[in-house]
$ cat upload_6.txt   # compact mmCIF, C-alpha atoms
# COMPACT_ATOMS: atom_id res chain seq x y z
CA MET C 868 111.44 76.02 132.16
CA TYR C 869 114.37 77.84 133.66
CA GLU C 870 115.39 76.43 136.96
CA ARG C 871 117.91 76.73 139.76
CA ARG C 872 119.00 74.79 142.80
CA GLY C 873 119.56 77.53 145.36
CA ALA C 874 121.42 76.10 148.34
CA GLY C 875 119.25 73.09 147.70
CA ALA C 876 116.12 74.66 146.25
CA ILE C 877 114.74 75.28 142.80
CA ALA C 878 113.07 78.34 141.35
CA SER C 879 111.80 78.67 137.83
CA VAL C 880 110.31 80.97 135.27
CA ALA C 881 107.82 79.89 132.67
CA VAL C 882 108.68 81.06 129.20
CA ALA C 883 105.91 83.61 128.93
CA GLY C 884 105.45 86.10 126.14
CA VAL C 885 106.41 89.63 127.05
CA VAL C 886 103.50 90.93 125.00
CA LEU C 887 101.11 88.92 127.15
CA LEU C 888 102.67 90.36 130.27
CA LEU C 889 101.97 93.87 129.11
CA ALA C 890 98.54 93.15 127.70
CA GLY C 891 97.49 91.20 130.77
CA CYS C 892 98.70 93.66 133.38
CA SER C 893 95.27 94.58 134.66
CA SER C 894 96.42 95.21 138.22
CA SER C 895 95.70 98.63 139.53
CA GLY C 896 98.43 101.04 140.45
CA ASP C 897 96.72 102.37 143.55
CA ASP C 898 98.01 101.97 147.09
CA GLY C 899 95.33 99.64 148.35
CA ASP C 900 94.07 96.11 148.05
CA ASP C 901 90.78 95.18 146.44
CA SER C 902 89.45 92.36 148.55
CA ASN C 903 86.29 92.18 146.44
CA GLU C 904 87.93 91.30 143.14
CA SER C 905 87.07 87.95 141.65
CA ALA C 906 89.19 84.92 142.42
CA GLY C 907 92.19 84.51 140.18
CA GLN C 908 92.76 88.24 139.82
CA VAL C 909 95.43 90.01 141.81
CA SER C 910 96.06 93.60 142.74
CA GLN C 911 99.23 95.31 143.82
CA GLN C 912 100.12 95.47 147.50
CA PRO C 913 100.13 98.92 149.13
CA LYS C 914 103.11 100.71 147.65
CA GLY C 915 104.22 102.20 150.95
CA ASP C 916 104.67 98.74 152.46
CA ASP C 917 105.74 96.77 149.41
CA PRO C 918 106.86 98.58 146.25
CA TYR C 919 107.34 95.41 144.20
CA TRP C 920 105.20 94.34 141.27
CA VAL C 921 102.74 91.46 141.55
CA ASN C 922 102.65 89.56 138.26
CA PRO C 923 98.96 89.05 137.39
CA GLU C 924 99.91 86.13 135.14
CA GLY C 925 102.00 84.19 137.63
CA THR C 926 101.54 80.46 138.06
CA ALA C 927 99.84 80.94 141.42
CA ALA C 928 97.27 83.30 139.89
CA GLU C 929 96.61 80.77 137.15
CA GLN C 930 96.12 78.07 139.78
CA VAL C 931 93.61 80.22 141.65
CA ALA C 932 91.61 80.60 138.45
CA THR C 933 91.73 76.84 137.82
CA PHE C 934 90.61 75.95 141.34
CA THR C 935 87.80 78.51 141.07
CA GLU C 936 86.58 77.04 137.79
CA GLU C 937 86.61 73.60 139.42
CA GLY C 938 84.53 74.86 142.33
CA LYS C 939 87.38 74.38 144.81
CA LYS C 940 86.81 77.58 146.72
CA LYS C 941 88.86 76.66 149.79
CA GLU C 942 91.87 75.66 147.71
CA ALA C 943 91.56 78.83 145.62
CA GLU C 944 91.59 80.97 148.76
CA LEU C 945 94.73 79.25 150.01
CA ILE C 946 96.66 79.71 146.76
CA GLN C 947 95.47 83.31 146.61
CA LYS C 948 97.80 83.92 149.57
CA ILE C 949 100.70 83.21 147.22
CA ALA C 950 99.24 84.82 144.10
CA GLU C 951 98.73 88.19 145.75
CA GLN C 952 102.38 88.62 146.76
CA PRO C 953 105.23 89.78 144.50
CA THR C 954 107.81 87.12 143.72
CA GLY C 955 111.12 87.18 141.91
CA GLU C 956 111.14 87.04 138.13
CA TRP C 957 114.04 84.78 137.04
CA ILE C 958 115.38 86.06 133.74
CA ILE C 959 115.68 83.50 130.96
CA PRO C 960 119.11 83.96 129.36
CA GLU C 961 117.88 83.28 125.83
CA LYS C 962 115.39 86.14 126.13
CA ALA C 963 117.26 88.35 128.58
CA GLU C 964 116.76 91.75 126.99
CA ASP C 965 113.15 91.21 125.98
CA GLU C 966 112.23 89.80 129.38
CA ALA C 967 113.98 92.52 131.34
CA ARG C 968 112.26 95.14 129.22
CA GLY C 969 108.83 93.51 129.33
CA LEU C 970 108.87 92.90 133.07
CA THR C 971 110.09 96.38 133.98
CA GLU C 972 107.59 97.97 131.60
CA ALA C 973 104.76 95.95 133.12
CA ALA C 974 105.90 96.94 136.61
CA GLU C 975 106.16 100.58 135.59
CA LYS C 976 102.64 100.47 134.17
CA ALA C 977 101.41 99.32 137.59
CA ASP C 978 103.52 102.00 139.33
CA ARG C 979 105.69 99.40 141.03
CA ASP C 980 109.29 98.15 140.88
CA ALA C 981 110.32 94.94 139.15
CA LEU C 982 112.09 92.27 141.22
CA LEU C 983 114.49 90.42 138.93
CA VAL C 984 116.82 87.49 139.59
CA LEU C 985 119.89 86.66 137.51
CA TYR C 986 121.06 83.06 137.51
CA ASN C 987 123.32 82.41 134.56
CA ILE C 988 126.89 82.32 135.86
CA PRO C 989 129.15 79.86 133.98
CA HIS C 990 129.48 76.43 135.63
CA ARG C 991 126.27 77.09 137.51
CA ASP C 992 125.27 74.75 140.32
CA CYS C 993 128.36 72.55 140.02
CA GLY C 994 126.72 70.12 137.59
CA GLN C 995 123.72 69.43 139.82
CA PHE C 996 119.98 69.93 139.21
CA SER C 997 120.38 73.39 137.70
CA GLN C 998 123.69 72.85 135.99
CA GLY C 999 124.46 75.06 133.06
CA GLY C 1000 124.67 78.82 132.85
CA ALA C 1001 126.46 80.91 130.26
CA ALA C 1002 128.90 79.05 128.02
CA ASP C 1003 131.82 81.25 129.01
CA GLY C 1004 132.78 84.64 130.37
CA ASP C 1005 132.08 86.50 127.14
CA ALA C 1006 128.60 84.97 126.91
CA TYR C 1007 127.90 86.00 130.49
CA ARG C 1008 129.02 89.57 129.90
CA THR C 1009 126.74 89.71 126.87
CA PHE C 1010 123.88 88.44 129.05
CA ILE C 1011 124.48 91.19 131.60
CA ASP C 1012 124.63 93.81 128.85
CA GLN C 1013 121.28 92.57 127.55
CA VAL C 1014 119.67 92.68 130.97
CA ALA C 1015 120.96 96.21 131.57
CA SER C 1016 119.70 97.35 128.18
CA GLY C 1017 116.29 95.83 128.88
CA ILE C 1018 115.96 97.53 132.27
CA GLY C 1019 117.04 100.94 131.07
CA ASP C 1020 115.95 103.74 133.40
CA ARG C 1021 112.96 101.89 134.83
CA ASN C 1022 112.81 100.91 138.51
CA ALA C 1023 114.19 97.48 139.29
CA THR C 1024 115.76 95.52 142.12
CA VAL C 1025 118.12 92.80 140.92
CA ILE C 1026 119.34 89.79 142.89
CA VAL C 1027 122.67 88.78 141.36
CA GLU C 1028 123.53 85.11 141.04
CA PRO C 1029 122.20 83.11 143.99
CA ASP C 1030 124.79 80.62 145.27
CA ALA C 1031 127.57 81.82 142.96
CA LEU C 1032 129.78 82.98 145.83
CA LEU C 1033 128.61 80.26 148.21
CA HIS C 1034 129.74 77.61 145.74
CA VAL C 1035 133.15 79.25 145.55
CA VAL C 1036 133.72 78.98 149.29
CA ASP C 1037 132.13 75.57 149.87
CA GLY C 1038 134.27 73.83 147.27
CA CYS C 1039 131.36 73.00 145.01
CA THR C 1040 132.74 75.05 142.11
CA ALA C 1041 136.15 73.95 140.84
CA GLU C 1042 138.98 76.21 141.97
CA GLU C 1043 140.08 76.86 138.40
CA PHE C 1044 136.88 78.86 137.86
CA HIS C 1045 137.00 80.96 141.04
CA GLN C 1046 138.83 84.03 139.76
CA GLU C 1047 136.77 84.21 136.59
CA ARG C 1048 133.59 84.00 138.63
CA LEU C 1049 134.65 86.79 140.97
CA ASP C 1050 135.57 88.98 138.00
CA LEU C 1051 132.27 88.28 136.24
CA LEU C 1052 130.24 89.07 139.34
CA LYS C 1053 132.13 92.30 139.87
CA GLY C 1054 131.50 93.31 136.28
CA ALA C 1055 127.80 92.49 136.60
CA VAL C 1056 127.43 94.52 139.78
CA GLU C 1057 129.21 97.51 138.26
CA LYS C 1058 127.13 97.38 135.06
CA LEU C 1059 123.80 97.12 136.84
CA ALA C 1060 124.65 99.58 139.61
CA ALA C 1061 125.37 102.20 136.95
CA LEU C 1062 121.73 102.14 135.85
CA LYS C 1063 119.74 105.14 137.01
CA ASN C 1064 116.97 103.41 138.98
CA THR C 1065 118.30 99.92 139.66
CA LYS C 1066 119.19 98.48 143.06
CA VAL C 1067 121.66 95.60 143.10
CA TYR C 1068 121.97 92.89 145.75
CA LEU C 1069 124.82 90.40 145.45
CA ASP C 1070 123.90 86.99 146.83
CA ALA C 1071 125.73 85.94 150.00
CA GLY C 1072 124.47 82.46 150.82
CA ASN C 1073 122.47 81.55 153.90
CA ALA C 1074 122.61 81.08 157.65
CA GLY C 1075 123.96 77.57 157.22
CA SER C 1076 127.23 79.10 156.03
CA ASN C 1077 130.14 80.54 157.99
CA PRO C 1078 129.93 84.29 157.39
CA SER C 1079 133.69 84.69 157.74
CA ASP C 1080 134.10 82.59 154.59
CA LEU C 1081 132.16 85.15 152.56
CA TYR C 1082 133.87 88.39 153.61
CA ASP C 1083 136.73 88.33 151.13
CA PRO C 1084 134.78 86.85 148.19
CA LEU C 1085 132.08 89.49 148.58
CA LYS C 1086 134.67 92.26 148.45
CA LYS C 1087 136.34 90.76 145.39
CA ALA C 1088 132.96 90.37 143.70
CA GLY C 1089 132.13 94.07 144.00
CA ILE C 1090 129.99 94.39 147.11
CA ASP C 1091 131.28 97.96 147.54
CA GLN C 1092 129.48 98.96 144.34
CA ALA C 1093 126.29 97.05 145.21
CA ASP C 1094 123.38 98.39 147.22
CA GLY C 1095 123.67 95.39 149.50
CA PHE C 1096 123.45 91.61 149.51
CA SER C 1097 120.80 88.88 149.66
CA VAL C 1098 120.56 85.91 152.03
CA ASN C 1099 118.47 82.74 152.28
CA VAL C 1100 117.48 82.68 148.62
CA SER C 1101 115.36 79.56 148.02
CA ASN C 1102 116.20 78.31 151.48
CA PHE C 1103 114.34 77.76 154.74
CA PHE C 1104 116.37 79.35 157.53
CA THR C 1105 114.29 81.50 159.86
CA THR C 1106 114.17 85.23 159.48
CA GLU C 1107 115.76 85.56 162.91
CA ASP C 1108 118.72 83.36 161.95
CA SER C 1109 119.00 85.01 158.55
CA THR C 1110 119.06 88.44 160.14
CA LYS C 1111 121.81 87.39 162.54
CA TYR C 1112 123.84 85.93 159.70
CA GLY C 1113 123.33 89.03 157.56
CA LYS C 1114 124.43 91.35 160.33
CA GLU C 1115 127.60 89.36 160.93
CA LEU C 1116 128.41 89.71 157.25
CA SER C 1117 127.44 93.36 157.12
CA ALA C 1118 129.76 94.31 159.97
CA LYS C 1119 132.75 93.16 157.92
CA ILE C 1120 131.80 94.72 154.58
CA GLY C 1121 131.05 98.33 155.39
CA ASN C 1122 127.71 97.83 157.13
CA LYS C 1123 125.99 97.07 153.87
CA PRO C 1124 122.23 96.40 154.17
CA PHE C 1125 120.67 93.17 152.97
CA VAL C 1126 117.43 91.51 151.91
CA ILE C 1127 116.07 88.18 153.15
CA ASP C 1128 114.14 85.60 151.14
CA THR C 1129 111.21 84.71 153.41
CA SER C 1130 109.18 82.82 150.82
CA ARG C 1131 109.23 79.42 152.54
CA ASN C 1132 110.90 79.93 155.92
CA GLY C 1133 107.81 80.14 158.11
CA ASN C 1134 108.64 76.92 159.94
CA GLY C 1135 112.40 77.09 159.54
CA PRO C 1136 114.55 74.35 157.97
CA TYR C 1137 113.57 70.69 157.85
CA THR C 1138 115.73 68.61 160.20
CA GLU C 1139 114.13 65.16 160.34
CA GLY C 1140 115.18 63.63 157.03
CA ASP C 1141 118.44 62.82 155.35
CA PRO C 1142 120.59 65.95 155.85
CA ALA C 1143 121.82 65.62 152.28
CA GLU C 1144 118.27 65.96 150.96
CA ASN C 1145 116.60 68.28 153.48
CA TRP C 1146 116.70 71.06 150.90
CA CYS C 1147 114.50 69.15 148.44
CA ASN C 1148 110.74 69.62 148.83
CA PRO C 1149 110.88 69.30 152.62
CA PRO C 1150 107.48 68.57 154.19
CA GLY C 1151 105.84 70.72 156.80
CA ARG C 1152 107.27 74.02 155.60
CA ALA C 1153 105.28 77.26 155.57
CA LEU C 1154 105.19 80.64 153.89
CA GLY C 1155 107.28 83.21 155.75
CA GLU C 1156 106.81 86.92 156.31
CA GLU C 1157 105.04 88.64 153.45
CA PRO C 1158 107.24 90.78 151.22
CA THR C 1159 107.75 94.28 152.61
CA THR C 1160 110.30 97.04 152.91
CA LYS C 1161 109.05 97.83 156.41
CA THR C 1162 111.17 95.35 158.33
CA GLY C 1163 111.75 97.43 161.45
CA ASP C 1164 115.51 97.02 161.05
CA ASP C 1165 117.72 99.60 159.36
CA LEU C 1166 120.08 96.92 158.03
CA VAL C 1167 117.33 94.77 156.53
CA ASP C 1168 116.12 96.56 153.40
CA ALA C 1169 113.32 94.10 152.68
CA TYR C 1170 111.75 90.72 153.15
CA LEU C 1171 111.32 89.30 149.65
CA TRP C 1172 109.85 86.21 148.06
CA VAL C 1173 112.75 85.57 145.72
CA LYS C 1174 111.87 81.90 145.40
CA ARG C 1175 108.37 81.27 144.03
CA PRO C 1176 106.44 79.27 146.64
CA GLY C 1177 104.88 76.20 145.10
CA GLU C 1178 107.58 75.31 142.60
CA SER C 1179 109.24 71.91 142.96
CA ASP C 1180 112.81 71.49 144.13
CA GLY C 1181 113.19 68.35 142.04
CA THR C 1182 111.98 64.80 141.64
CA CYS C 1183 112.24 63.96 145.31
CA LYS C 1184 109.51 63.26 147.88
CA GLY C 1185 107.01 62.83 145.08
CA GLY C 1186 107.70 66.14 143.39
CA PRO C 1187 107.67 66.85 139.65
CA LYS C 1188 110.69 67.99 137.65
CA ALA C 1189 112.73 70.74 139.26
CA GLY C 1190 111.19 74.14 138.71
CA GLU C 1191 107.71 72.95 137.78
CA TRP C 1192 104.64 74.24 139.57
CA TRP C 1193 103.39 71.75 142.17
CA PRO C 1194 99.94 72.76 143.44
CA GLU C 1195 99.88 70.16 146.22
CA TYR C 1196 103.08 71.56 147.71
CA ALA C 1197 101.82 75.11 147.30
CA LEU C 1198 98.69 74.17 149.23
CA GLU C 1199 100.81 72.66 152.00
CA LEU C 1200 102.84 75.86 152.33
CA ALA C 1201 99.71 77.99 152.47
CA LYS C 1202 97.93 75.72 154.95
CA ALA C 1203 100.94 75.55 157.25
CA SER C 1204 101.23 79.33 157.32
CA GLN C 1205 97.76 79.51 158.88
CA GLN C 1206 98.69 77.35 161.84

$ encode --input "upload_6.txt" --output "structure tokens"
Amino acid sequence: MYERRGAGAIASVAVAGVVLLLAGCSSSGDDGDDSNESAGQVSQQPKGDDPYWVNPEGTAAEQVATFTEEGKKKEAELIQKIAEQPTGEWIIPEKAEDEARGLTEAAEKADRDALLVLYNIPHRDCGQFSQGGAADGDAYRTFIDQVASGIGDRNATVIVEPDALLHVVDGCTAEEFHQERLDLLKGAVEKLAALKNTKVYLDAGNAGSNPSDLYDPLKKAGIDQADGFSVNVSNFFTTEDSTKYGKELSAKIGNKPFVIDTSRNGNGPYTEGDPAENWCNPPGRALGEEPTTKTGDDLVDAYLWVKRPGESDGTCKGGPKAGEWWPEYALELAKASQQ
């Protein structure tokens, strides 16, 4: 599993075969939903509202099929709420080019855009749950080259390095690595932005941060060349607070638009536990707004599910290893979103 602790949350990607992705992409490319399809199968959302690809082999879709086989109709219907929405595909560094190619080809086949997430910056996550990343700057540049080669001219939206800038300004990443990180991010943005049909969003933390701390780092990391920035990745801040935060940032960096991760922010952040652990599998959370590019706000390009709802943040509050699928938590998110 490939995992990350995004401002206190984990996302993961199962090491799935690219060939299976292409062979299994049975989703239609039309602009409508098929509410009559059998449980466990997913179709694409209407392209005019949400142009992003729904992976028919995602963990949520597999869970729907399992619950259906077990005769758990109610549970299957709840998880279907997650399975039918597009979520971020976190690129595995060891298979970067193949994955980027396979995912964008599968999305193209369904007449949709791939939503990719890059999380491989050196000294990633400050030695915490998702510590690691590329061995050094050269390895990271090679990774970016591979991703760019895999995407080619196909349509893709790329979220670049959740938390990388946030961990520069909050002191989590050692100061000796700051300049290298800024240079690597700038190079990544420039490389990806040069692709014909790729949109690039540089991550800019979340509403729990002071936006003034991010202005200068964003500029040094190449925000001018990016299409915009992302906020709230793998976090729980409300869409309202995230929008306010994003607009404060945007006003200082050329009115750049932004995208908001709404995957688990339906009930906002958890405030009742230990503040140091409120990020980790907090109870009582809910799915947020469904992914869409129709946000009603010119500065908000999209609501996205960058984090995959239902994946554990770590071995806290009874959860499995960070990044692993946790059906009980997924059910809680889906149930809470109905209330």

$ closest_residue --input "upload_6.txt" --among "C:Thr1105, C:Thr1160, C:Pro1136, C:Ala1153" --to "C:Gln1205" --atoms "only C-alpha atoms"
C:Ala1153

$ closest_residue --input "upload_6.txt" --among "C:Gly1072, C:Pro1194, C:Pro918, C:Gly1089" --to "C:Gln947" --atoms "only C-alpha atoms"
C:Pro1194

$ atom_distance --input "upload_6.txt" --atom1 "atom CA of C:Ala1197" --atom2 "atom CA of C:Ile958"
22.1 Å

$ closest_atom_pairs --input "upload_6.txt" --of "stretch 970-1001 of chain C" --to "stretch 1040-1056 of chain C" --cutoff "8 Å" --atoms "all atoms listed in the file" --output "Markdown table"
| residue | atom | partner | partner_atom | distance |
| --- | --- | --- | --- | --- |
| C:Ile988 | CA | C:Arg1048 | CA | 7.4 |
| C:Pro989 | CA | C:Arg1048 | CA | 7.6 |
| C:His990 | CA | C:Thr1040 | CA | 7.4 |
| C:Asp992 | CA | C:Thr1040 | CA | 7.7 |
| C:Cys993 | CA | C:Thr1040 | CA | 5.5 |

$ closest_residue --input "upload_6.txt" --among "C:Val909, C:Val1173, C:Cys1183, C:Val1025" --to "C:Asp1141" --atoms "all atoms listed in the file"
C:Cys1183

$ closest_residue --input "upload_6.txt" --among "C:Gly1095, C:Pro923, C:Pro1078, C:Gly1019" --to "C:Asn1064" --atoms "all atoms listed in the file"
C:Gly1019

$ residues_near_point --input "upload_6.txt" --point "(129.5, 81.2, 128.4)" --cutoff "12 Å" --atoms "all atoms listed in the file" --output "list of chain:residue names"
C:Pro960, C:Asn987, C:Ile988, C:Pro989, C:His990, C:Arg991, C:Gly999, C:Gly1000, C:Ala1001, C:Ala1002, C:Asp1003, C:Gly1004, C:Asp1005, C:Ala1006, C:Tyr1007, C:Arg1008, C:Thr1009, C:Phe1010, C:Ile1011, C:Glu1047, C:Arg1048, C:Leu1051

$ atom_distance --input "upload_6.txt" --atom1 "atom CA of C:Leu983" --atom2 "atom CA of C:Thr971"
8.9 Å

$ closest_residue --input "upload_6.txt" --among "C:Gly1186, C:Pro1176, C:Pro1142, C:Gly1163" --to "C:Ala950" --atoms "all atoms listed in the file"
C:Pro1176

$ decode --input "upload_6.txt" --residues "stretch 1040-1051 of chain C" --atoms "all heavy atoms" --output "PDB file, in the first residue's frame"
ATOM      1  N   THR C1040       9.124  20.092   8.591  1.00  0.00           N
ATOM      2  CA  THR C1040      10.258  19.710   7.759  1.00  0.00           C
ATOM      3  C   THR C1040      11.481  20.541   8.153  1.00  0.00           C
ATOM      4  O   THR C1040      11.385  21.762   8.289  1.00  0.00           O
ATOM      5  CB  THR C1040       9.942  19.940   6.265  1.00  0.00           C
ATOM      6  OG1 THR C1040       8.834  19.115   5.897  1.00  0.00           O
ATOM      7  CG2 THR C1040      11.128  19.583   5.389  1.00  0.00           C
ATOM      8  N   ALA C1041      12.605  19.883   8.318  1.00  0.00           N
ATOM      9  CA  ALA C1041      13.833  20.566   8.734  1.00  0.00           C
ATOM     10  C   ALA C1041      14.192  21.689   7.771  1.00  0.00           C
ATOM     11  O   ALA C1041      14.058  21.554   6.549  1.00  0.00           O
ATOM     12  CB  ALA C1041      14.974  19.563   8.825  1.00  0.00           C
ATOM     13  N   GLU C1042      14.655  22.793   8.323  1.00  0.00           N
ATOM     14  CA  GLU C1042      14.950  23.975   7.523  1.00  0.00           C
ATOM     15  C   GLU C1042      15.972  23.704   6.428  1.00  0.00           C
ATOM     16  O   GLU C1042      15.918  24.303   5.344  1.00  0.00           O
ATOM     17  CB  GLU C1042      15.434  25.105   8.422  1.00  0.00           C
ATOM     18  CG  GLU C1042      15.620  26.426   7.689  1.00  0.00           C
ATOM     19  CD  GLU C1042      15.962  27.568   8.622  1.00  0.00           C
ATOM     20  OE1 GLU C1042      16.006  27.340   9.857  1.00  0.00           O
ATOM     21  OE2 GLU C1042      16.195  28.689   8.130  1.00  0.00           O
ATOM     22  N   GLU C1043      16.884  22.793   6.676  1.00  0.00           N
ATOM     23  CA  GLU C1043      17.923  22.504   5.684  1.00  0.00           C
ATOM     24  C   GLU C1043      17.361  21.951   4.375  1.00  0.00           C
ATOM     25  O   GLU C1043      18.042  21.972   3.341  1.00  0.00           O
ATOM     26  CB  GLU C1043      18.929  21.514   6.263  1.00  0.00           C
ATOM     27  CG  GLU C1043      18.323  20.161   6.603  1.00  0.00           C
ATOM     28  CD  GLU C1043      19.289  19.237   7.321  1.00  0.00           C
ATOM     29  OE1 GLU C1043      20.238  18.742   6.665  1.00  0.00           O
ATOM     30  OE2 GLU C1043      19.101  19.028   8.537  1.00  0.00           O
ATOM     31  N   PHE C1044      16.119  21.469   4.416  1.00  0.00           N
ATOM     32  CA  PHE C1044      15.509  20.906   3.209  1.00  0.00           C
ATOM     33  C   PHE C1044      14.541  21.869   2.522  1.00  0.00           C
ATOM     34  O   PHE C1044      13.969  21.534   1.475  1.00  0.00           O
ATOM     35  CB  PHE C1044      14.757  19.613   3.556  1.00  0.00           C
ATOM     36  CG  PHE C1044      15.607  18.576   4.228  1.00  0.00           C
ATOM     37  CD1 PHE C1044      15.193  17.974   5.413  1.00  0.00           C
ATOM     38  CD2 PHE C1044      16.825  18.194   3.682  1.00  0.00           C
ATOM     39  CE1 PHE C1044      15.966  17.009   6.045  1.00  0.00           C
ATOM     40  CE2 PHE C1044      17.613  17.222   4.297  1.00  0.00           C
ATOM     41  CZ  PHE C1044      17.188  16.637   5.478  1.00  0.00           C
ATOM     42  N   HIS C1045      14.330  23.038   3.088  1.00  0.00           N
ATOM     43  CA  HIS C1045      13.305  23.947   2.563  1.00  0.00           C
ATOM     44  C   HIS C1045      13.577  24.390   1.128  1.00  0.00           C
ATOM     45  O   HIS C1045      12.689  24.305   0.270  1.00  0.00           O
ATOM     46  CB  HIS C1045      13.174  25.172   3.474  1.00  0.00           C
ATOM     47  CG  HIS C1045      12.515  24.882   4.777  1.00  0.00           C
ATOM     48  ND1 HIS C1045      12.163  25.869   5.678  1.00  0.00           N
ATOM     49  CD2 HIS C1045      12.132  23.702   5.346  1.00  0.00           C
ATOM     50  CE1 HIS C1045      11.605  25.313   6.748  1.00  0.00           C
ATOM     51  NE2 HIS C1045      11.591  24.001   6.569  1.00  0.00           N
ATOM     52  N   GLN C1046      14.766  24.891   0.857  1.00  0.00           N
ATOM     53  CA  GLN C1046      15.044  25.417  -0.480  1.00  0.00           C
ATOM     54  C   GLN C1046      14.964  24.326  -1.534  1.00  0.00           C
ATOM     55  O   GLN C1046      14.424  24.534  -2.623  1.00  0.00           O
ATOM     56  CB  GLN C1046      16.417  26.090  -0.522  1.00  0.00           C
ATOM     57  CG  GLN C1046      16.680  26.846  -1.823  1.00  0.00           C
ATOM     58  CD  GLN C1046      15.638  27.911  -2.094  1.00  0.00           C
ATOM     59  OE1 GLN C1046      15.383  28.780  -1.257  1.00  0.00           O
ATOM     60  NE2 GLN C1046      15.006  27.858  -3.265  1.00  0.00           N
ATOM     61  N   GLU C1047      15.502  23.158  -1.224  1.00  0.00           N
ATOM     62  CA  GLU C1047      15.414  22.049  -2.171  1.00  0.00           C
ATOM     63  C   GLU C1047      13.957  21.711  -2.471  1.00  0.00           C
ATOM     64  O   GLU C1047      13.570  21.502  -3.631  1.00  0.00           O
ATOM     65  CB  GLU C1047      16.118  20.813  -1.621  1.00  0.00           C
ATOM     66  CG  GLU C1047      15.991  19.595  -2.553  1.00  0.00           C
ATOM     67  CD  GLU C1047      16.423  18.300  -1.894  1.00  0.00           C
ATOM     68  OE1 GLU C1047      15.954  18.013  -0.775  1.00  0.00           O
ATOM     69  OE2 GLU C1047      17.214  17.571  -2.516  1.00  0.00           O
ATOM     70  N   ARG C1048      13.145  21.689  -1.433  1.00  0.00           N
ATOM     71  CA  ARG C1048      11.738  21.353  -1.631  1.00  0.00           C
ATOM     72  C   ARG C1048      11.042  22.374  -2.524  1.00  0.00           C
ATOM     73  O   ARG C1048      10.291  22.006  -3.440  1.00  0.00           O
ATOM     74  CB  ARG C1048      11.018  21.257  -0.288  1.00  0.00           C
ATOM     75  CG  ARG C1048       9.526  21.017  -0.424  1.00  0.00           C
ATOM     76  CD  ARG C1048       8.903  20.552   0.863  1.00  0.00           C
ATOM     77  NE  ARG C1048       9.425  19.251   1.261  1.00  0.00           N
ATOM     78  CZ  ARG C1048       8.912  18.533   2.275  1.00  0.00           C
ATOM     79  NH1 ARG C1048       7.903  19.001   2.984  1.00  0.00           N
ATOM     80  NH2 ARG C1048       9.418  17.356   2.570  1.00  0.00           N
ATOM     81  N   LEU C1049      11.282  23.639  -2.282  1.00  0.00           N
ATOM     82  CA  LEU C1049      10.676  24.680  -3.107  1.00  0.00           C
ATOM     83  C   LEU C1049      11.113  24.541  -4.560  1.00  0.00           C
ATOM     84  O   LEU C1049      10.300  24.672  -5.484  1.00  0.00           O
ATOM     85  CB  LEU C1049      11.049  26.062  -2.575  1.00  0.00           C
ATOM     86  CG  LEU C1049      10.487  26.420  -1.190  1.00  0.00           C
ATOM     87  CD1 LEU C1049      11.108  27.719  -0.691  1.00  0.00           C
ATOM     88  CD2 LEU C1049       8.971  26.530  -1.227  1.00  0.00           C
ATOM     89  N   ASP C1050      12.387  24.264  -4.768  1.00  0.00           N
ATOM     90  CA  ASP C1050      12.900  24.094  -6.131  1.00  0.00           C
ATOM     91  C   ASP C1050      12.287  22.872  -6.812  1.00  0.00           C
ATOM     92  O   ASP C1050      11.936  22.924  -8.007  1.00  0.00           O
ATOM     93  CB  ASP C1050      14.426  23.953  -6.106  1.00  0.00           C
ATOM     94  CG  ASP C1050      15.134  25.226  -5.692  1.00  0.00           C
ATOM     95  OD1 ASP C1050      14.502  26.304  -5.745  1.00  0.00           O
ATOM     96  OD2 ASP C1050      16.318  25.146  -5.300  1.00  0.00           O
ATOM     97  N   LEU C1051      12.150  21.779  -6.065  1.00  0.00           N
ATOM     98  CA  LEU C1051      11.577  20.564  -6.642  1.00  0.00           C
ATOM     99  C   LEU C1051      10.108  20.761  -6.998  1.00  0.00           C
ATOM    100  O   LEU C1051       9.643  20.297  -8.048  1.00  0.00           O
ATOM    101  CB  LEU C1051      11.733  19.398  -5.669  1.00  0.00           C
ATOM    102  CG  LEU C1051      13.151  18.876  -5.449  1.00  0.00           C
ATOM    103  CD1 LEU C1051      13.161  17.805  -4.358  1.00  0.00           C
ATOM    104  CD2 LEU C1051      13.739  18.319  -6.745  1.00  0.00           C
TER     105      LEU C1051
END
